[in-house]
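What follows is a short report on a single structure.
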Amino acid sequence: IMQSLAQTFPQMNWPTLPLTTVPYQFFPIFSTTLCSGHWLIYKMMQDLISKSVPVIFLAMRDNFAFYSQIFSKKSAINLTEKINSGAVVYADCFSNLYEGLSTGMLPLSESTPPTFVSQQPSKIIQLQFLQPSSVEDSAKISAENSKRFISFIEVLLGKDIKESPFLLIDDFSQLMIQGGIRETDTIEILNTLKLITAYHPRKVSIILNMNQELMPEKAVKSYLQAIENLHIELHENLSGYSKDLSGMLKIVTSDNVESQFYRYKVTEYDAELLDY
C-alpha cells in the first residue's frame with residue numbers, strides 16, 4: 001500500500017511504517033459528506049490498474065455506469081474491458097438495493113439518463129442484501145447480511161486473480177445503512193478483513209473509505225484505528241469555504257506519532273494535492 005501511495009501521490013511525504021511488526025496492509029480513509037474520500041479511491045484504483053496490479057473493487061456507493069464514466073473521462077481506462085479481461089474483479093453491492101423502485105425514488109446516478117446503462121459487463125458479480133420486514137427481525141437480518149458479506153469476500157478472493165491483489169471498498173459505511181448491519185456485526189466483518197490481510201495466501205491489501213457522518217458508531221471507528229497501518233482523514237478547510245480548495249487531508253500513522261497535513265482541490269475528474 002505504501003509503495004502504491006507513494007507512486008500515486010509522489011509529492012506527498014509518506015511516512016515509513018514498521019511493516020515487519022505489522023504483517024497486514026489495512027488502510028482506512030475517514031471522510032465526511034462534504035469532504036468525500038471517493039476521489040482517493042478513484043485515484044488509487046486508476047494507478048493500480050495502469051500498473052497492471054490486480055484489483056478487487058466493491059462498489060457500494062454508485063452504479064457501474066458512474067464508475068465507467070469516471071475512468072473513461074479521467075484516465076481513458078475502459079472499465080468494461082478491464083473487467084472482462086479479469087484485470088479487475090468488480091463487485092456490485094449497489095444496484096440491487098434499488099430494484100423495483102420508481103424513478104423518483106432512485107439515487108441521482110440511477111435516475112439520470114446520461115449515467116444509466118441497461119447492460120453491464122457479464123463478469124460483474126452481484127451481492128444482494130436482505131431487507132428487514134420489521135424492527136423485530138433486524139438483528140437476525142444483520143447477522144445474515146454480515147455472513148453474506150464475509151462469504152462474498154471469500155468468493156471474490158477465490159477468483160482467478162494474481163497474487164497480492166488490492167481490495168478497494170468505495171464506501172464501507174453503506175454496510176450499516178443499506179445492509180442494515182449492526183455495530184457488533186460490522187466489527188466482526190472488520191476483524192475478518194484484518195485476518196484476511198494477515199493470513200490469506202494471496203497477500204491481500206485492503207483500502208476502504210468510510211463516511212464518518214453516515215457511520216456515527218464510535219466503536220467501529222475505534223476498532224478500525226486499532227487494526228490499521230495508517231489512515232487518512234479528510235476535513236473541511238479550517239479557514240472556511242474557499243472556491244480554490246476542497247478541504248484538508250491528514251495522514252496519521254497507527255501509533256499517532258507522525259501526522260502530516262495537505263490541502264487538496266477536487267475537480268470533476270481529477271484532484272490536486274497542495275502543501276499545507
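Residues are named by chain letter and number: chains run A, B, ... in the order of the C-alpha cells, numbers start at 1 in each chain, and ligands are numbered from 1 in the order shown.
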
**Q.** Backbone DSSP call of helix (DSSP H, G or I) for region 165-220 of chain A, listed as number ranges by chain
**A.** A: 174-177, 183-199, 218-220

Q: Show which residues sit within 6 Å of region 259-263 of chain A, as an NGL selection string. Count only C-alpha atoms, and ignore same-chain residues fewer than 3 positions away.
A: :A and (247-252 or 273-276)

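Using only C-alpha atoms for every distance, the candidate list A:Met60, A:Cys35, A:Ile29, A:Leu190 yields A:Met60 as the residue closest to Gln128 (chain A).
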
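With CA of Ile181 (chain A) on one side and CA of Leu168 (chain A) on the other, the separation reads 19.3 Å.
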
Q | Pick from A:Thr32, A:Ser72, A:Asn78, A:Ser151 nearest to Met215 (chain A), counting only C-alpha atoms | A | A:Thr32

Q | Backbone DSSP call of strand (DSSP E) for region 42-75 of chain A, listed as a VMD selection string | A | chain A and resid 55 to 59

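For the choices A:Asp185, A:Glu228, A:Leu193, A:Pro54, the atom-to-atom distance to Lys159 (chain A) is smallest for A:Pro54 when using only C-alpha atoms.
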
(Q) With distances taken over only C-alpha atoms, which residue among A:Ser164, A:Asn209, A:Gln225, A:Ser239 lies nearest Val53 (chain A)? (A) A:Ser164

Q: Find the residues near Val88 (chain A): any atom within 6 Å, counting only C-alpha atoms, skip ones fewer than 4 places away on the same chain, and give them as a ChimeraX atom specification.
A: /A:55-56,82-83

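For the residues A:Gln178, A:Ser36, A:Gln25, A:Ser138, ranking by smallest atom-to-atom distance to Thr197 (chain A) using only C-alpha atoms places A:Gln25 first.
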
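Counting only C-alpha atoms and comparing A:Ser85, A:Ser122, A:Asn191, A:Gln46, the residue that lies closest to Ile161 (chain A) is A:Ser85.
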
Q) So which residues touch Arg182 (chain A) within 9 Å, counting only C-alpha atoms, skipping near sequence neighbours fewer than 3 positions away, as a PyMOL selection string? A) chain A and resi 138-139+142-143+146+175-176+179+185-187

Include C-alpha atoms and write out the residues we just selected as a PDB file, in the first residue's frame.
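Below is the file that was written, out.pdb:
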ATOM      1  CA  SER A 138     -33.481  -6.521  12.235  1.00  0.00           C
ATOM      2  CA  ALA A 139     -30.921  -8.304  14.439  1.00  0.00           C
ATOM      3  CA  SER A 142     -27.988  -8.001  10.372  1.00  0.00           C
ATOM      4  CA  ALA A 143     -26.311 -11.295  11.268  1.00  0.00           C
ATOM      5  CA  SER A 146     -22.888  -9.973   7.749  1.00  0.00           C
ATOM      6  CA  LEU A 175     -22.920  -1.758   5.020  1.00  0.00           C
ATOM      7  CA  MET A 176     -24.667  -0.348   8.072  1.00  0.00           C
ATOM      8  CA  GLY A 179     -27.279  -3.575   4.507  1.00  0.00           C
ATOM      9  CA  ASP A 185     -21.618  -7.465  13.196  1.00  0.00           C
ATOM     10  CA  THR A 186     -19.735  -4.650  11.433  1.00  0.00           C
ATOM     11  CA  ILE A 187     -16.809  -5.083  13.837  1.00  0.00           C
TER      12      ILE A 187
END

**Q.** Near-Phe94 (chain A) list (9 Å; only C-alpha atoms; drop same-chain fewer than 2 positions) as a PyMOL selection string
**A.** chain A and resi 59-64+91-92+96-98+126-128+178

Could you write those residues out with N, CA, C and O atoms, as a short mmCIF file (atom, residue, chain, number, x, y, z; two decimals), in the first residue's frame?
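To be explicit, this is the file written out as result-v7.cif:
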data_model
loop_
_atom_site.label_atom_id
_atom_site.label_comp_id
_atom_site.auth_asym_id
_atom_site.auth_seq_id
_atom_site.Cartn_x
_atom_site.Cartn_y
_atom_site.Cartn_z
N ALA A 59 -18.19 -1.90 -5.21
CA ALA A 59 -18.93 -0.67 -5.44
C ALA A 59 -20.18 -0.67 -4.57
O ALA A 59 -21.14 -1.39 -4.85
N MET A 60 -20.16 0.13 -3.51
CA MET A 60 -21.29 0.17 -2.59
C MET A 60 -21.99 1.51 -2.62
O MET A 60 -23.04 1.68 -2.00
N ARG A 61 -21.43 2.48 -3.33
CA ARG A 61 -21.99 3.83 -3.31
C ARG A 61 -22.64 4.24 -4.63
O ARG A 61 -23.63 4.96 -4.65
N ASP A 62 -22.06 3.80 -5.76
CA ASP A 62 -22.58 4.20 -7.07
C ASP A 62 -22.63 3.01 -8.01
O ASP A 62 -22.03 1.96 -7.76
N ASN A 63 -23.35 3.19 -9.12
CA ASN A 63 -23.52 2.10 -10.07
C ASN A 63 -22.35 2.00 -11.04
O ASN A 63 -21.46 2.86 -11.07
N PHE A 64 -22.37 0.96 -11.86
CA PHE A 64 -21.28 0.71 -12.79
C PHE A 64 -21.14 1.84 -13.80
O PHE A 64 -20.01 2.24 -14.15
N ALA A 91 -17.33 -5.99 -8.08
CA ALA A 91 -18.47 -6.49 -7.31
C ALA A 91 -19.47 -5.37 -7.11
O ALA A 91 -19.15 -4.33 -6.55
N ASP A 92 -20.68 -5.57 -7.60
CA ASP A 92 -21.74 -4.56 -7.49
C ASP A 92 -22.57 -4.85 -6.24
O ASP A 92 -23.36 -5.78 -6.21
N ASN A 96 -28.69 -3.66 -6.88
CA ASN A 96 -29.83 -4.47 -6.46
C ASN A 96 -30.61 -3.88 -5.29
O ASN A 96 -31.73 -4.25 -5.02
N LEU A 97 -29.99 -2.91 -4.60
CA LEU A 97 -30.69 -2.29 -3.47
C LEU A 97 -31.92 -1.53 -3.93
O LEU A 97 -32.86 -1.33 -3.16
N TYR A 98 -31.93 -1.10 -5.20
CA TYR A 98 -32.98 -0.21 -5.67
C TYR A 98 -33.88 -0.85 -6.71
O TYR A 98 -34.63 -0.17 -7.39
N GLN A 126 -22.74 -9.77 -8.44
CA GLN A 126 -23.76 -9.06 -7.69
C GLN A 126 -23.87 -9.59 -6.26
O GLN A 126 -23.74 -10.79 -6.02
N LEU A 127 -24.08 -8.67 -5.32
CA LEU A 127 -24.37 -9.05 -3.93
C LEU A 127 -25.73 -8.48 -3.55
O LEU A 127 -25.97 -7.28 -3.69
N GLN A 128 -26.62 -9.33 -3.10
CA GLN A 128 -27.96 -8.92 -2.71
C GLN A 128 -28.09 -9.00 -1.19
O GLN A 128 -27.91 -10.06 -0.60
N GLN A 178 -27.36 0.61 4.13
CA GLN A 178 -28.16 -0.14 3.17
C GLN A 178 -28.30 -1.61 3.55
O GLN A 178 -29.34 -2.22 3.31
#

Q. In Å, with one decimal, what is the gap from CA of Asp47 (chain A) to CA of Phe166 (chain A)?
A. 11.5 Å
